[in-house]
Each structure stands twice: as structure tokens, then as C-alpha cells.
>>> print(open('model39.cif').read())   # mmCIF, C-alpha atoms
data_upload
loop_
_atom_site.label_atom_id
_atom_site.label_comp_id
_atom_site.auth_asym_id
_atom_site.auth_seq_id
_atom_site.Cartn_x
_atom_site.Cartn_y
_atom_site.Cartn_z
CA MET H 16 -64.58 -58.14 -44.87
CA GLN H 17 -63.54 -54.75 -43.51
CA MET H 18 -66.25 -52.96 -45.49
CA LEU H 19 -68.97 -55.25 -44.13
CA LEU H 20 -67.64 -54.95 -40.58
CA CYS H 21 -67.65 -51.15 -40.83
CA LEU H 22 -71.22 -51.12 -42.12
CA SER H 23 -72.43 -53.47 -39.38
CA VAL H 24 -70.68 -51.38 -36.70
CA ALA H 25 -72.27 -48.24 -38.21
CA LEU H 26 -75.74 -49.83 -38.08
CA PHE H 27 -75.22 -51.10 -34.51
CA ALA H 28 -74.03 -47.67 -33.37
CA GLY H 29 -76.91 -45.82 -35.08
CA LEU H 30 -79.63 -48.15 -33.79
CA GLY H 31 -78.08 -48.35 -30.31
CA LEU H 32 -77.92 -44.59 -29.86
CA THR H 33 -81.62 -44.22 -30.69
CA ARG H 34 -82.27 -45.84 -27.29
CA VAL H 35 -80.11 -43.18 -25.63
CA VAL H 36 -81.49 -40.08 -27.40
CA ARG H 37 -85.05 -41.19 -26.68
CA ILE H 38 -84.34 -40.41 -23.01
CA PHE H 39 -83.71 -36.79 -24.04
CA LYS H 40 -86.66 -36.80 -26.46
CA LEU H 41 -84.45 -36.22 -29.49
CA PRO H 42 -85.24 -37.48 -33.05
CA ASP H 43 -83.64 -40.68 -34.33
CA VAL H 44 -81.82 -38.66 -37.01
CA THR H 45 -79.75 -37.00 -34.29
CA ALA H 46 -78.79 -40.44 -32.95
CA TYR H 47 -77.61 -41.58 -36.39
CA LEU H 48 -75.49 -38.45 -36.87
CA LEU H 49 -73.94 -38.78 -33.40
CA ALA H 50 -73.24 -42.44 -34.16
CA GLY H 51 -71.46 -41.34 -37.33
CA ILE H 52 -69.19 -39.04 -35.31
CA LEU H 53 -68.56 -41.90 -32.86
CA VAL H 54 -67.48 -44.41 -35.54
CA GLY H 55 -65.82 -41.72 -37.68
CA PRO H 56 -62.12 -40.89 -38.07
CA TYR H 57 -62.05 -38.59 -35.01
CA VAL H 58 -63.18 -41.14 -32.37
CA LEU H 59 -63.23 -44.93 -32.93
CA GLY H 60 -61.66 -44.57 -36.37
CA ALA H 61 -58.69 -42.78 -34.79
CA LEU H 62 -57.77 -46.03 -32.98
CA GLY H 63 -56.76 -47.52 -36.34
CA VAL H 64 -58.47 -50.88 -35.70
CA ALA H 65 -59.66 -52.28 -39.03
CA GLY H 66 -63.42 -52.77 -39.12
CA LEU H 67 -64.09 -50.98 -35.81
CA GLY H 68 -64.82 -47.63 -37.46
CA PHE H 69 -63.99 -45.42 -40.43
CA ASN H 70 -60.27 -44.66 -40.24
CA SER H 71 -60.20 -41.77 -42.74
CA MET H 72 -62.38 -39.52 -44.89
CA GLU H 73 -61.04 -41.39 -47.92
CA GLN H 74 -62.42 -44.64 -46.53
CA ILE H 75 -65.84 -43.04 -46.02
CA GLU H 76 -65.76 -41.93 -49.66
CA THR H 77 -65.73 -45.58 -50.74
CA TYR H 78 -69.30 -45.84 -49.42
CA SER H 79 -70.52 -42.84 -51.43
CA LEU H 80 -72.67 -45.10 -53.65
CA LEU H 81 -74.83 -45.94 -50.60
CA SER H 82 -75.29 -42.24 -49.87
CA ASP H 83 -76.20 -41.51 -53.49
CA LEU H 84 -78.78 -44.30 -53.49
CA ALA H 85 -80.27 -43.21 -50.17
CA LEU H 86 -80.64 -39.62 -51.40
CA GLY H 87 -82.30 -40.96 -54.53
CA PHE H 88 -84.90 -42.90 -52.52
CA ILE H 89 -85.46 -39.91 -50.22
CA ALA H 90 -86.02 -37.61 -53.20
CA PHE H 91 -88.34 -40.21 -54.74
CA SER H 92 -90.38 -40.26 -51.52
CA ILE H 93 -90.63 -36.47 -51.48
CA GLY H 94 -91.76 -36.54 -55.11
CA ASN H 95 -94.71 -38.64 -53.99
CA GLU H 96 -95.93 -35.65 -51.98
CA PHE H 97 -96.69 -33.79 -55.24
CA ARG H 98 -100.04 -35.41 -55.87
CA LEU H 99 -102.18 -33.19 -58.09
CA SER H 100 -105.22 -33.80 -55.90
CA ASP H 101 -103.35 -32.24 -52.95
CA LEU H 102 -101.53 -29.54 -54.92
CA LYS H 103 -104.85 -28.04 -56.01
CA HIS H 104 -105.14 -26.71 -52.47
CA ILE H 105 -101.52 -25.82 -51.62
CA GLY H 106 -99.71 -25.70 -54.97
CA ARG H 107 -99.64 -21.91 -55.35
CA GLN H 108 -98.77 -21.38 -51.70
CA ALA H 109 -95.94 -23.92 -51.79
CA PHE H 110 -94.49 -22.39 -54.96
CA VAL H 111 -94.52 -18.81 -53.67
CA VAL H 112 -93.11 -19.73 -50.26
CA GLY H 113 -90.51 -22.14 -51.71
CA VAL H 114 -89.10 -19.52 -54.07
CA ALA H 115 -89.43 -16.50 -51.78
CA GLN H 116 -87.75 -17.90 -48.68
CA ALA H 117 -84.79 -19.22 -50.72
CA VAL H 118 -84.23 -15.85 -52.45
CA VAL H 119 -84.66 -13.86 -49.22
CA THR H 120 -82.16 -16.10 -47.42
CA THR H 121 -79.59 -15.71 -50.20
CA LEU H 122 -79.95 -11.92 -50.27
CA LEU H 123 -79.66 -11.58 -46.47
CA VAL H 124 -76.62 -13.85 -46.18
CA ASP H 125 -74.98 -12.13 -49.17
CA ALA H 126 -75.54 -8.70 -47.58
CA ALA H 127 -74.13 -9.79 -44.18
CA LEU H 128 -71.09 -11.58 -45.57
CA ILE H 129 -70.24 -8.93 -48.16
CA GLY H 130 -70.35 -6.41 -45.31
CA LEU H 131 -68.00 -8.66 -43.32
CA HIS H 132 -65.72 -8.88 -46.38
CA PHE H 133 -65.11 -5.13 -46.25
CA LEU H 134 -64.20 -5.43 -42.56
CA MET H 135 -61.79 -8.36 -43.05
CA PRO H 136 -61.06 -8.81 -46.78
CA ASP H 137 -58.05 -11.06 -46.14
CA LYS H 138 -60.18 -13.62 -44.26
CA LEU H 139 -63.36 -13.58 -46.36
CA PRO H 140 -62.84 -12.85 -50.11
CA LEU H 141 -65.78 -11.35 -52.03
CA PRO H 142 -66.28 -14.43 -54.30
CA ALA H 143 -66.55 -16.67 -51.20
CA ALA H 144 -69.14 -14.34 -49.62
CA ILE H 145 -71.26 -14.39 -52.80
CA ILE H 146 -71.18 -18.19 -53.09
CA LEU H 147 -72.06 -18.70 -49.41
CA GLY H 148 -75.23 -16.66 -49.94
CA ALA H 149 -76.41 -19.19 -52.51
CA VAL H 150 -75.33 -22.18 -50.41
CA ALA H 151 -77.51 -20.77 -47.59
CA SER H 152 -80.66 -21.27 -49.69
CA ALA H 153 -80.35 -25.08 -49.64
CA THR H 154 -82.24 -27.19 -47.08
CA ALA H 155 -81.87 -30.85 -46.00
CA PRO H 156 -84.82 -32.85 -47.39
CA ALA H 157 -83.54 -36.09 -45.87
CA ALA H 158 -83.52 -34.95 -42.24
CA THR H 159 -86.88 -33.22 -42.63
CA LEU H 160 -88.55 -36.27 -44.18
CA MET H 161 -87.17 -38.59 -41.49
CA VAL H 162 -88.51 -36.41 -38.66
CA VAL H 163 -91.94 -36.20 -40.32
CA ARG H 164 -92.04 -39.97 -40.70
CA GLN H 165 -90.73 -40.86 -37.25
CA TYR H 166 -93.38 -38.79 -35.48
CA LYS H 167 -96.09 -39.37 -38.10
CA ALA H 168 -96.66 -35.61 -38.34
CA LYS H 169 -99.86 -34.62 -40.08
CA GLY H 170 -101.54 -31.27 -40.74
CA PRO H 171 -101.32 -28.06 -42.83
CA LEU H 172 -97.69 -27.39 -41.89
CA THR H 173 -96.57 -30.91 -42.82
CA ASP H 174 -98.57 -30.78 -46.07
CA ILE H 175 -96.76 -27.68 -47.29
CA LEU H 176 -93.36 -28.48 -45.78
CA LEU H 177 -92.21 -31.27 -48.11
CA PRO H 178 -93.21 -29.51 -51.37
CA VAL H 179 -91.45 -26.34 -50.12
CA VAL H 180 -88.29 -28.33 -49.31
CA ALA H 181 -88.36 -29.87 -52.79
CA LEU H 182 -88.82 -26.48 -54.51
CA ASP H 183 -86.20 -24.99 -52.23
CA ASP H 184 -83.50 -27.26 -53.61
CA ALA H 185 -84.49 -26.55 -57.23
CA VAL H 186 -84.31 -22.78 -56.61
CA GLY H 187 -81.09 -23.26 -54.64
CA LEU H 188 -79.40 -25.01 -57.56
CA VAL H 189 -80.20 -22.08 -59.86
CA LEU H 190 -79.09 -19.49 -57.29
CA PHE H 191 -75.86 -21.38 -56.68
CA ALA H 192 -75.04 -21.72 -60.37
CA VAL H 193 -75.59 -17.98 -60.91
CA SER H 194 -73.55 -17.03 -57.83
CA PHE H 195 -70.82 -19.51 -58.78
CA GLY H 196 -70.61 -17.95 -62.25
CA VAL H 197 -70.38 -14.43 -60.78
CA ALA H 198 -67.66 -15.54 -58.34
CA LYS H 199 -65.70 -17.22 -61.13
CA ALA H 200 -65.96 -14.03 -63.18
CA LEU H 201 -64.63 -11.96 -60.26
CA ILE H 202 -61.65 -14.29 -59.88
CA SER H 203 -60.80 -14.60 -63.60
CA GLY H 204 -61.94 -11.14 -64.70
CA ARG H 205 -64.03 -12.67 -67.49
CA VAL H 206 -67.84 -12.95 -67.54
CA ASP H 207 -69.25 -16.19 -68.97
CA LEU H 208 -72.99 -15.81 -69.56
CA LEU H 209 -73.33 -19.51 -70.45
CA SER H 210 -72.21 -20.69 -67.00
CA VAL H 211 -74.10 -17.92 -65.19
CA ILE H 212 -77.51 -18.22 -66.86
CA LEU H 213 -77.94 -21.03 -69.38
CA GLU H 214 -76.23 -23.99 -67.71
CA PRO H 215 -78.11 -23.85 -64.37
CA LEU H 216 -81.45 -23.52 -66.15
CA LEU H 217 -80.58 -26.45 -68.39
CA GLU H 218 -79.64 -28.56 -65.36
CA VAL H 219 -83.03 -27.98 -63.76
CA VAL H 220 -85.07 -28.43 -66.96
CA LEU H 221 -83.18 -31.52 -68.16
CA SER H 222 -83.29 -33.15 -64.72
CA LEU H 223 -87.06 -32.68 -64.55
CA ALA H 224 -87.46 -33.95 -68.11
CA LEU H 225 -85.36 -37.06 -67.41
CA GLY H 226 -87.34 -37.76 -64.24
CA ALA H 227 -90.67 -37.30 -66.05
CA MET H 228 -89.64 -39.67 -68.84
CA LEU H 229 -88.48 -42.32 -66.38
CA GLY H 230 -91.63 -41.83 -64.28
CA ALA H 231 -93.87 -42.48 -67.29
CA LEU H 232 -91.82 -45.56 -68.24
CA PHE H 233 -91.92 -46.72 -64.61
CA SER H 234 -95.72 -46.45 -64.44
CA TYR H 235 -96.08 -48.28 -67.77
CA SER H 236 -93.73 -51.10 -66.66
CA GLU H 237 -95.60 -51.78 -63.41
CA GLN H 238 -98.68 -53.08 -65.29
CA PHE H 239 -96.74 -56.15 -66.46
CA TYR H 240 -96.14 -57.34 -62.88
CA HIS H 241 -98.84 -58.32 -60.40
CA SER H 242 -97.03 -59.72 -57.37
CA ARG H 243 -96.05 -57.22 -54.68
CA SER H 244 -92.43 -58.41 -54.56
CA LYS H 245 -91.88 -57.92 -58.31
CA ARG H 246 -93.56 -54.49 -58.28
CA GLN H 247 -91.29 -53.49 -55.44
CA ALA H 248 -88.27 -54.78 -57.37
CA VAL H 249 -89.31 -52.67 -60.38
CA SER H 250 -89.62 -49.62 -58.11
CA VAL H 251 -86.09 -50.11 -56.75
CA THR H 252 -84.79 -50.64 -60.27
CA PHE H 253 -86.15 -47.34 -61.55
CA VAL H 254 -84.85 -45.32 -58.61
CA MET H 255 -81.40 -46.84 -59.16
CA LEU H 256 -81.69 -46.10 -62.88
CA ALA H 257 -82.63 -42.48 -62.16
CA VAL H 258 -79.67 -42.04 -59.78
CA GLY H 259 -77.29 -43.63 -62.30
CA LEU H 260 -78.46 -41.62 -65.32
CA SER H 261 -78.40 -38.36 -63.36
CA MET H 262 -74.65 -38.80 -62.87
CA MET H 263 -74.09 -38.17 -66.58
CA GLU H 264 -72.05 -35.12 -67.57
CA PHE H 265 -71.06 -34.05 -71.07
CA GLU H 266 -70.57 -31.00 -73.28
CA VAL H 267 -72.59 -29.90 -76.29
CA GLY H 268 -71.27 -26.98 -78.31
CA GLY H 269 -69.21 -25.73 -75.39
CA ILE H 270 -72.19 -25.93 -72.98
CA HIS H 271 -71.68 -28.18 -69.96
CA ILE H 272 -74.67 -30.49 -69.47
CA ALA H 273 -75.27 -32.01 -66.03
CA PHE H 274 -78.20 -33.41 -64.05
CA SER H 275 -79.37 -33.21 -60.45
CA SER H 276 -80.16 -36.62 -58.95
CA LEU H 277 -82.43 -34.95 -56.38
CA LEU H 278 -84.59 -33.25 -59.00
CA THR H 279 -84.57 -36.31 -61.28
CA CYS H 280 -85.74 -38.67 -58.51
CA MET H 281 -88.28 -36.15 -57.22
CA MET H 282 -89.85 -35.88 -60.65
CA LEU H 283 -89.73 -39.69 -61.00
CA GLY H 284 -91.79 -39.96 -57.81
CA THR H 285 -94.14 -37.15 -58.82
CA VAL H 286 -95.03 -38.62 -62.21
CA PHE H 287 -95.33 -42.13 -60.79
CA CYS H 288 -97.68 -41.17 -57.93
CA ASN H 289 -99.96 -39.29 -60.33
CA MET H 290 -100.05 -42.01 -63.00
CA CYS H 291 -100.14 -45.18 -60.89
CA ASP H 292 -103.32 -45.93 -58.93
CA PHE H 293 -101.57 -48.23 -56.42
CA SER H 294 -98.57 -45.97 -55.75
CA LEU H 295 -99.50 -45.47 -52.07
CA GLU H 296 -99.25 -49.21 -51.39
CA LEU H 297 -95.89 -49.44 -53.18
CA MET H 298 -94.50 -46.45 -51.28
CA ALA H 299 -95.44 -48.03 -47.94
CA ARG H 300 -93.54 -51.20 -48.91
CA MET H 301 -90.57 -49.16 -50.18
CA ASP H 302 -90.34 -47.31 -46.87
CA ARG H 303 -89.86 -50.59 -45.01
CA TRP H 304 -87.25 -51.80 -47.50
CA THR H 305 -85.18 -48.61 -47.40
CA ALA H 306 -85.16 -48.13 -43.58
CA PRO H 307 -81.66 -49.67 -43.03
CA LEU H 308 -80.33 -47.74 -46.02
CA TYR H 309 -81.50 -44.45 -44.45
CA VAL H 310 -79.81 -45.34 -41.15
CA LEU H 311 -76.53 -45.95 -42.98
CA PHE H 312 -76.93 -42.72 -44.94
CA PHE H 313 -77.19 -40.59 -41.80
CA VAL H 314 -74.42 -42.46 -39.96
CA LEU H 315 -72.13 -41.93 -42.96
CA SER H 316 -73.18 -38.27 -43.05
CA GLY H 317 -72.20 -37.95 -39.40
CA ALA H 318 -68.86 -39.66 -40.03
CA GLU H 319 -68.16 -37.18 -42.83
CA LEU H 320 -68.58 -34.16 -40.56
CA GLU H 321 -65.19 -32.44 -40.46
CA LEU H 322 -64.52 -31.65 -36.79
CA SER H 323 -61.16 -30.07 -37.62
CA VAL H 324 -62.93 -26.88 -38.77
CA PHE H 325 -63.23 -25.93 -35.09
CA ARG H 326 -59.47 -25.29 -35.04
CA ASP H 327 -59.76 -22.13 -37.17
CA VAL H 328 -61.22 -19.29 -35.11
CA TYR H 329 -62.09 -17.29 -38.22
CA VAL H 330 -64.05 -20.18 -39.74
CA VAL H 331 -65.99 -20.49 -36.47
CA MET H 332 -66.66 -16.74 -36.32
CA ILE H 333 -67.78 -16.44 -39.95
CA GLY H 334 -69.71 -19.70 -39.62
CA LEU H 335 -71.66 -18.44 -36.60
CA LEU H 336 -72.61 -15.26 -38.48
CA TYR H 337 -73.61 -17.35 -41.51
CA ILE H 338 -75.78 -19.65 -39.34
CA ALA H 339 -77.50 -16.75 -37.54
CA VAL H 340 -78.29 -14.75 -40.70
CA ARG H 341 -79.39 -17.86 -42.63
CA CYS H 342 -81.83 -18.76 -39.85
CA LEU H 343 -83.24 -15.22 -39.94
CA GLY H 344 -83.63 -15.46 -43.72
CA LYS H 345 -85.38 -18.83 -43.59
CA TYR H 346 -87.67 -17.82 -40.74
CA TYR H 347 -88.76 -14.39 -41.94
CA GLY H 348 -88.67 -15.29 -45.65
CA ALA H 349 -91.04 -18.19 -45.01
CA SER H 350 -93.18 -16.21 -42.55
CA PHE H 351 -93.75 -13.13 -44.74
CA SER H 352 -94.33 -15.11 -47.95
CA ALA H 353 -96.69 -17.56 -46.18
CA ARG H 354 -98.71 -14.65 -44.77
CA SER H 355 -98.86 -13.00 -48.21
CA VAL H 356 -100.51 -16.06 -49.80
CA GLY H 357 -102.99 -16.64 -46.96
CA CYS H 358 -101.45 -19.63 -45.22
CA SER H 359 -102.72 -20.69 -41.80
CA PRO H 360 -101.19 -19.10 -38.66
CA SER H 361 -99.29 -22.28 -37.75
CA ILE H 362 -97.54 -22.24 -41.15
CA VAL H 363 -96.72 -18.54 -40.85
CA LYS H 364 -95.26 -19.06 -37.38
CA TYR H 365 -93.42 -22.37 -37.65
CA LEU H 366 -92.57 -23.19 -41.28
CA GLY H 367 -89.31 -21.23 -41.27
CA ILE H 368 -87.98 -23.22 -38.30
CA THR H 369 -88.52 -26.52 -40.13
CA LEU H 370 -86.29 -25.22 -42.97
CA PHE H 371 -83.20 -24.76 -40.77
CA PRO H 372 -81.58 -28.23 -41.35
CA GLN H 373 -78.89 -28.22 -44.02
CA ALA H 374 -76.74 -31.06 -45.32
CA GLY H 375 -76.22 -32.97 -48.59
CA VAL H 376 -77.18 -30.36 -51.20
CA ALA H 377 -75.15 -27.65 -49.44
CA LEU H 378 -72.14 -29.97 -49.18
CA GLY H 379 -72.42 -30.73 -52.90
CA MET H 380 -72.38 -27.01 -53.63
CA ALA H 381 -69.35 -26.56 -51.36
CA MET H 382 -67.45 -29.34 -53.13
CA LYS H 383 -68.07 -27.66 -56.48
CA ALA H 384 -66.94 -24.34 -55.01
CA GLU H 385 -63.60 -25.94 -54.04
CA THR H 386 -62.65 -25.96 -57.73
CA LEU H 387 -62.18 -22.18 -57.47
CA GLY H 388 -59.07 -22.58 -55.30
CA ALA H 389 -58.46 -20.66 -52.08
CA GLU H 390 -61.83 -18.89 -52.19
CA GLY H 391 -63.61 -22.21 -52.66
CA ALA H 392 -61.71 -23.77 -49.73
CA ILE H 393 -63.10 -21.02 -47.45
CA VAL H 394 -66.63 -21.76 -48.69
CA ALA H 395 -66.13 -25.48 -48.02
CA ASN H 396 -64.83 -24.98 -44.48
CA ILE H 397 -67.62 -22.60 -43.46
CA THR H 398 -70.24 -24.89 -45.01
CA LEU H 399 -68.78 -27.90 -43.18
CA PHE H 400 -68.90 -26.01 -39.89
CA SER H 401 -72.51 -24.90 -40.40
CA VAL H 402 -73.66 -28.35 -41.54
CA LEU H 403 -72.16 -29.85 -38.37
CA ILE H 404 -74.24 -27.47 -36.25
CA TYR H 405 -77.40 -27.68 -38.37
CA GLU H 406 -77.41 -31.47 -38.57
CA LEU H 407 -77.11 -31.92 -34.82
CA VAL H 408 -79.62 -29.20 -33.87
CA GLY H 409 -81.89 -28.93 -36.93
CA PRO H 410 -83.89 -32.17 -36.58
CA SER H 411 -84.81 -31.31 -32.98
CA LEU H 412 -85.94 -27.84 -34.03
CA THR H 413 -88.06 -29.34 -36.81
CA ARG H 414 -89.67 -31.71 -34.33
CA GLU H 415 -90.34 -28.88 -31.87
CA ALA H 416 -91.91 -26.72 -34.59
CA LEU H 417 -94.22 -29.56 -35.66
CA LYS H 418 -95.06 -30.22 -32.02
CA LYS H 419 -95.90 -26.55 -31.35
CA ALA H 420 -98.04 -26.51 -34.49
CA GLY H 421 -100.05 -29.40 -33.06
CA GLU H 422 -99.13 -31.80 -35.87
CA ILE H 423 -97.39 -34.40 -33.75
CA THR H 424 -100.14 -36.21 -31.88
CA GLU H 425 -100.27 -39.42 -29.91
CA GLY H 426 -100.23 -42.30 -32.35
CA GLY H 427 -99.59 -45.06 -29.86
CA ALA H 428 -96.99 -46.63 -32.16
CA VAL H 429 -97.01 -50.40 -31.72
CA SER H 430 -93.67 -52.18 -31.46
CA ALA H 431 -92.86 -55.58 -32.93
CA ARG H 432 -93.68 -57.10 -29.53
CA GLY H 433 -97.13 -55.52 -29.52
CA GLU H 434 -96.18 -52.87 -26.95
CA VAL H 435 -97.62 -49.37 -27.28
CA ILE H 436 -94.90 -46.71 -27.51
CA HIS H 437 -95.76 -43.24 -26.24
CA PHE H 438 -93.95 -39.93 -26.74
CA HIS H 439 -93.71 -38.05 -23.45
CA TRP H 440 -95.07 -34.65 -24.51
CA ARG H 441 -98.23 -35.93 -26.14
CA GLN H 442 -101.58 -35.23 -24.60
CA ARG H 443 -103.90 -37.86 -26.01
CA HIS H 444 -103.49 -41.63 -25.55
CA HIS H 445 -104.68 -44.19 -28.04
CA HIS H 446 -104.00 -47.81 -27.21
CA LYS H 447 -103.83 -50.81 -29.42
#
>>> encode(input="model39.cif", output="C-alpha cells")
Amino acid sequence: MQMLLCLSVALFAGLGLTRVVRIFKLPDVTAYLLAGILVGPYVLGALGVAGLGFNSMEQIETYSLLSDLALGFIAFSIGNEFRLSDLKHIGRQAFVVGVAQAVVTTLLVDAALIGLHFLMPDKLPLPAAIILGAVASATAPAATLMVVRQYKAKGPLTDILLPVVALDDAVGLVLFAVSFGVAKALISGRVDLLSVILEPLLEVVLSLALGAMLGALFSYSEQFYHSRSKRQAVSVTFVMLAVGLSMMEFEVGGIHIAFSSLLTCMMLGTVFCNMCDFSLELMARMDRWTAPLYVLFFVLSGAELELSVFRDVYVVMIGLLYIAVRCLGKYYGASFSARSVGCSPSIVKYLGITLFPQAGVALGMAMKAETLGAEGAIVANITLFSVLIYELVGPSLTREALKKAGEITEGGAVSARGEVIHFHWRQRHHHK
């Protein structure tokens, strides 16, 4: 009973706050995250009333399956943006920009934090500085996708944004694994080439292979069902299957084998959308089915934000430097690489801003870093601080960048009552 009450309160809070943030012209994602803080262990949860909110971080952990599933569906949706017909035009540009901006961001953050390490070595150990550089490369695909969908953004910037975000996380996983291996070697004094080079590459390759295999099986299975409801059920089944299988971990000959659920589900969506001729219709139906799940995902993400990190002045100071340098890396890395491959001026100017949000992937990296001990705890605290800032500010910045690029235009969204909904900044008016 308590679990269901908590979920219903979380949904009520998330949906209710969307009415409030609309006054300030903020994205719905921001409302969901603020709702999470409201029902989390630092506000309503602190009252200790069962079912009114989440009383502890441990209680929020019990809902992790919902978060895993939501991320799987989000990654699957992003995978559907990799249609070969579209990638013929932007494939090379997306690849170059996706790789370049992630590497530039890591190098800049590494340089800044390693410099800070020499100024205050007792507060920021060298292994922590190196790992944070790799964590900085990761972006938040969920928040970005939700903003694009809410405002029905469309144009060159939107077309390249989602593929870049997807590539960004693949590159980020490799950068993190290499940096994690280097940091572990610095702590132990022993270099392990398997963990530094082979294991991260295997994780990426095997995740893509698993997703491709499931995508082909998914496309083949759909032909046996003709009703829309059964095809939708098959779609949900395969996303769940991909999320479940990507949780596997085992060792082969001393090599640790793991999978990324994000990459697996992205490849599942990519293969499916290129093999199935009615994938667009199915995706539209899936979006309606998963809407409440996405609301819960962001509310839970907000509840997980660790507000106690504000108590440590050094975490705040290092976190602010990390945020500033990471934003510079994302902005200029995306801008220079986009210009080098001939992207349009709007992409050169605004793409970097849309890459500021950071959440789930970075938090996953931070949790793995915690296994290193004291150095990992510093990485986790700084990441938690930065995610708190990025999640609350990032979606609004993404919306503003898309607006400035001219890709958010008046759609005259029609409500369930038949009323036309207008966004205040828009210039053109289309009525039902």
C-alpha cells in the first residue's frame, strides 16, 4: 500500500507542478524534478508520514526498476532517430561532433581539476580529478528528449542533437572506463591494461551487438501480430527484455564482461526503425503509453538528488569549477567541431548549450567510482552537486537554445478539451 501511495503522490506532485512552472515558461521536466525534491527525504519525506513521500534514499532505491525501465524506453526512442534515410545527410556530422565535444570536454575538465589538485592535494586527489574529467563527457538523453518532445522542436539543430547525445554516451563510457583504469592504477600502483583498454571496448561492442540481435528478432516477431494492441505489447516486451539482458555481468578468462542498457536499447530502436516499415506508428503509440512512466522517472530522479552536498564548502567550490569548465568544453567542443564539418550556423551557435544537462549516465559512473574508496566518494559528491544544478537549469537552457535557433514554433497544441494551448514567446498562431 505504501509503495502505491508514494507513486501516486509522486505523480500528483509532478503533474501539479507543471501548472506552476508554466507561469514561468519552464519545461515540464523541471517541474518533475522539483516535485521529486518536494516529495523526497529532505521535505515531505522528512515528516516521516508513511505514503506521503519518500522517507529515505534507501526507500527510493526500491523503485530503481521503474527508473531502469524508463531509461530503456528513452534510449529506445533515441535509437529511432538513427534512420538511415536521415543519417545520409547528417551521419558524418553527428559522428564527428559527438566524439569531438566529448573528448574536448574531458580534456578541459581534466586540465582544470588536475591544476586544482596541485593547489589543494588534500581536498582533490589526482585519481578523483582524472575520473571527473571522464564523467564530464556524459550528457542526459532523457531530459533532452523530453524537452524536444514537449515543444515539438523541429529543424537542423534538433535533427543532429539526438544522434549526438546518443554518441556522446557511447564515447563517454569508453572515456570513463579508461580514466577509471588509470585512477585505479594510481591508487594501487599496478597498471591493468585489460580494465583500461579491452573491457570498455568490449562493453560498447557487446552492447551494440546484443541490441542489434534483439532488434532483428523484434522486427521479425512483429509480422506475426496484426492488431495495434498486440504489436504494442510486443514492443514493450522487447524493451523490457533488452533492459533485463543488459544487466548481465560475468567473467571470461579474467575479463569482466558487462553491458550498457542505454547502448543496448538504442541499438534495439535503431535496428527496429530501419527494418520495420510501420515503426513510426508504433513509436507514436509507445510515446503515449510511456508518458506516466517518464513522469515517475524524473520525479524519482529529483527525489534522489542529494541536497546534503551543499554542507561541504569544498564540494561546492570544486563543483562550481567543474560545472563552469564542463560547460565551456561542451559549448566550444561542439561549436568548433560543428564548424569544421560544415554544419549550419544555428548548430554551430546553439548545439553546445543543448548538451549541458547531465544526469543518469553520470550518476552511474559516480556510483562505480565509489568502489575506489575515499577518492571515489569525492567523485560521487561532486557529481551529485553538479547533477543537482544541471538538472534544474539544463532543461531550460536546452529549450532556450532551441527557441533561439528558431526550432520551437507555434504548434497550437490541442488539449483533451479541444482548447488550443499557446506558448507565450511564439510568433505565429495556428488554430485548430
>>> residues_around(input="model39.cif", residues="Val111 (chain H)", least_positions_apart="5", cutoff="12 Å", atoms="only C-alpha atoms", output="JSON, numbers by chain")
{"H": [105, 106, 116, 117, 118, 119, 175, 178, 179, 182, 183, 186, 348, 349, 350, 351, 352, 353, 354, 355, 356, 357, 358]}
>>> atom_distance(input="model39.cif", atom1="CA of Glu76 (chain H)", atom2="CA of Glu319 (chain H)")
8.7 Å
>>> atom_distance(input="model39.cif", atom1="CA of Gly196 (chain H)", atom2="CA of His271 (chain H)")
12.9 Å
>>> atom_distance(input="model39.cif", atom1="CA of Gly51 (chain H)", atom2="CA of Val150 (chain H)")
23.5 Å
>>> closest_residue(input="model39.cif", among="H:Met281, H:Ala395, H:Val24, H:Ala46", to="Val180 (chain H)", atoms="all atoms listed in the file")
H:Met281
>>> resolve_selection(input="model39.cif", expression="the PyMOL selection byres ((chain H and resi 220) around 12)", output="CSV table (one decimal) with C-alpha atoms, in the coordinates of the input")
chain,number,residue,atom,x,y,z
H,185,ALA,CA,-84.5,-26.6,-57.2
H,186,VAL,CA,-84.3,-22.8,-56.6
H,188,LEU,CA,-79.4,-25.0,-57.6
H,189,VAL,CA,-80.2,-22.1,-59.9
H,213,LEU,CA,-77.9,-21.0,-69.4
H,214,GLU,CA,-76.2,-24.0,-67.7
H,215,PRO,CA,-78.1,-23.8,-64.4
H,216,LEU,CA,-81.4,-23.5,-66.2
H,217,LEU,CA,-80.6,-26.4,-68.4
H,218,GLU,CA,-79.6,-28.6,-65.4
H,219,VAL,CA,-83.0,-28.0,-63.8
H,221,LEU,CA,-83.2,-31.5,-68.2
H,222,SER,CA,-83.3,-33.2,-64.7
H,223,LEU,CA,-87.1,-32.7,-64.6
H,224,ALA,CA,-87.5,-34.0,-68.1
H,225,LEU,CA,-85.4,-37.1,-67.4
H,226,GLY,CA,-87.3,-37.8,-64.2
H,227,ALA,CA,-90.7,-37.3,-66.0
H,272,ILE,CA,-74.7,-30.5,-69.5
H,273,ALA,CA,-75.3,-32.0,-66.0
H,274,PHE,CA,-78.2,-33.4,-64.0
H,275,SER,CA,-79.4,-33.2,-60.4
H,278,LEU,CA,-84.6,-33.2,-59.0
H,279,THR,CA,-84.6,-36.3,-61.3
H,282,MET,CA,-89.8,-35.9,-60.6
>>> resolve_selection(input="model39.cif", expression="the PyMOL selection byres ((chain H and resi 195) around 9)", output="VMD selection string")
chain H and resid 142 145 to 146 149 190 to 194 196 to 200 210 to 211 383 to 384
>>> closest_residue(input="model39.cif", among="H:Asp327, H:Asp184, H:Glu385, H:Asp302", to="Ser92 (chain H)", atoms="only C-alpha atoms")
H:Asp302
>>> decode(input="model39.cif", residues="region 380-406 of chain H", atoms="C-alpha atoms", output="short mmCIF file (atom, residue, chain, number, x, y, z; two decimals), in the first residue's frame")
data_model
loop_
_atom_site.label_atom_id
_atom_site.label_comp_id
_atom_site.auth_asym_id
_atom_site.auth_seq_id
_atom_site.Cartn_x
_atom_site.Cartn_y
_atom_site.Cartn_z
CA MET H 380 29.73 6.49 -13.43
CA ALA H 381 29.93 8.14 -10.00
CA MET H 382 28.48 5.06 -8.30
CA LYS H 383 31.12 2.88 -9.95
CA ALA H 384 33.82 5.35 -8.89
CA GLU H 385 32.71 4.93 -5.25
CA THR H 386 34.28 1.45 -5.28
CA LEU H 387 37.69 3.16 -5.21
CA GLY H 388 37.18 4.34 -1.63
CA ALA H 389 37.84 7.89 -0.44
CA GLU H 390 38.76 9.16 -3.92
CA GLY H 391 35.56 7.70 -5.34
CA ALA H 392 33.46 9.31 -2.59
CA ILE H 393 34.80 12.74 -3.66
CA VAL H 394 33.85 11.99 -7.28
CA ALA H 395 30.34 10.95 -6.19
CA ASN H 396 29.75 14.08 -4.09
CA ILE H 397 30.92 16.49 -6.78
CA THR H 398 28.88 14.65 -9.43
CA LEU H 399 25.79 14.77 -7.20
CA PHE H 400 26.24 18.50 -6.70
CA SER H 401 26.67 19.18 -10.42
CA VAL H 402 23.73 16.96 -11.41
CA LEU H 403 21.51 18.88 -8.97
CA ILE H 404 22.43 22.15 -10.71
CA TYR H 405 22.36 20.76 -14.26
CA GLU H 406 19.01 19.02 -13.87
#
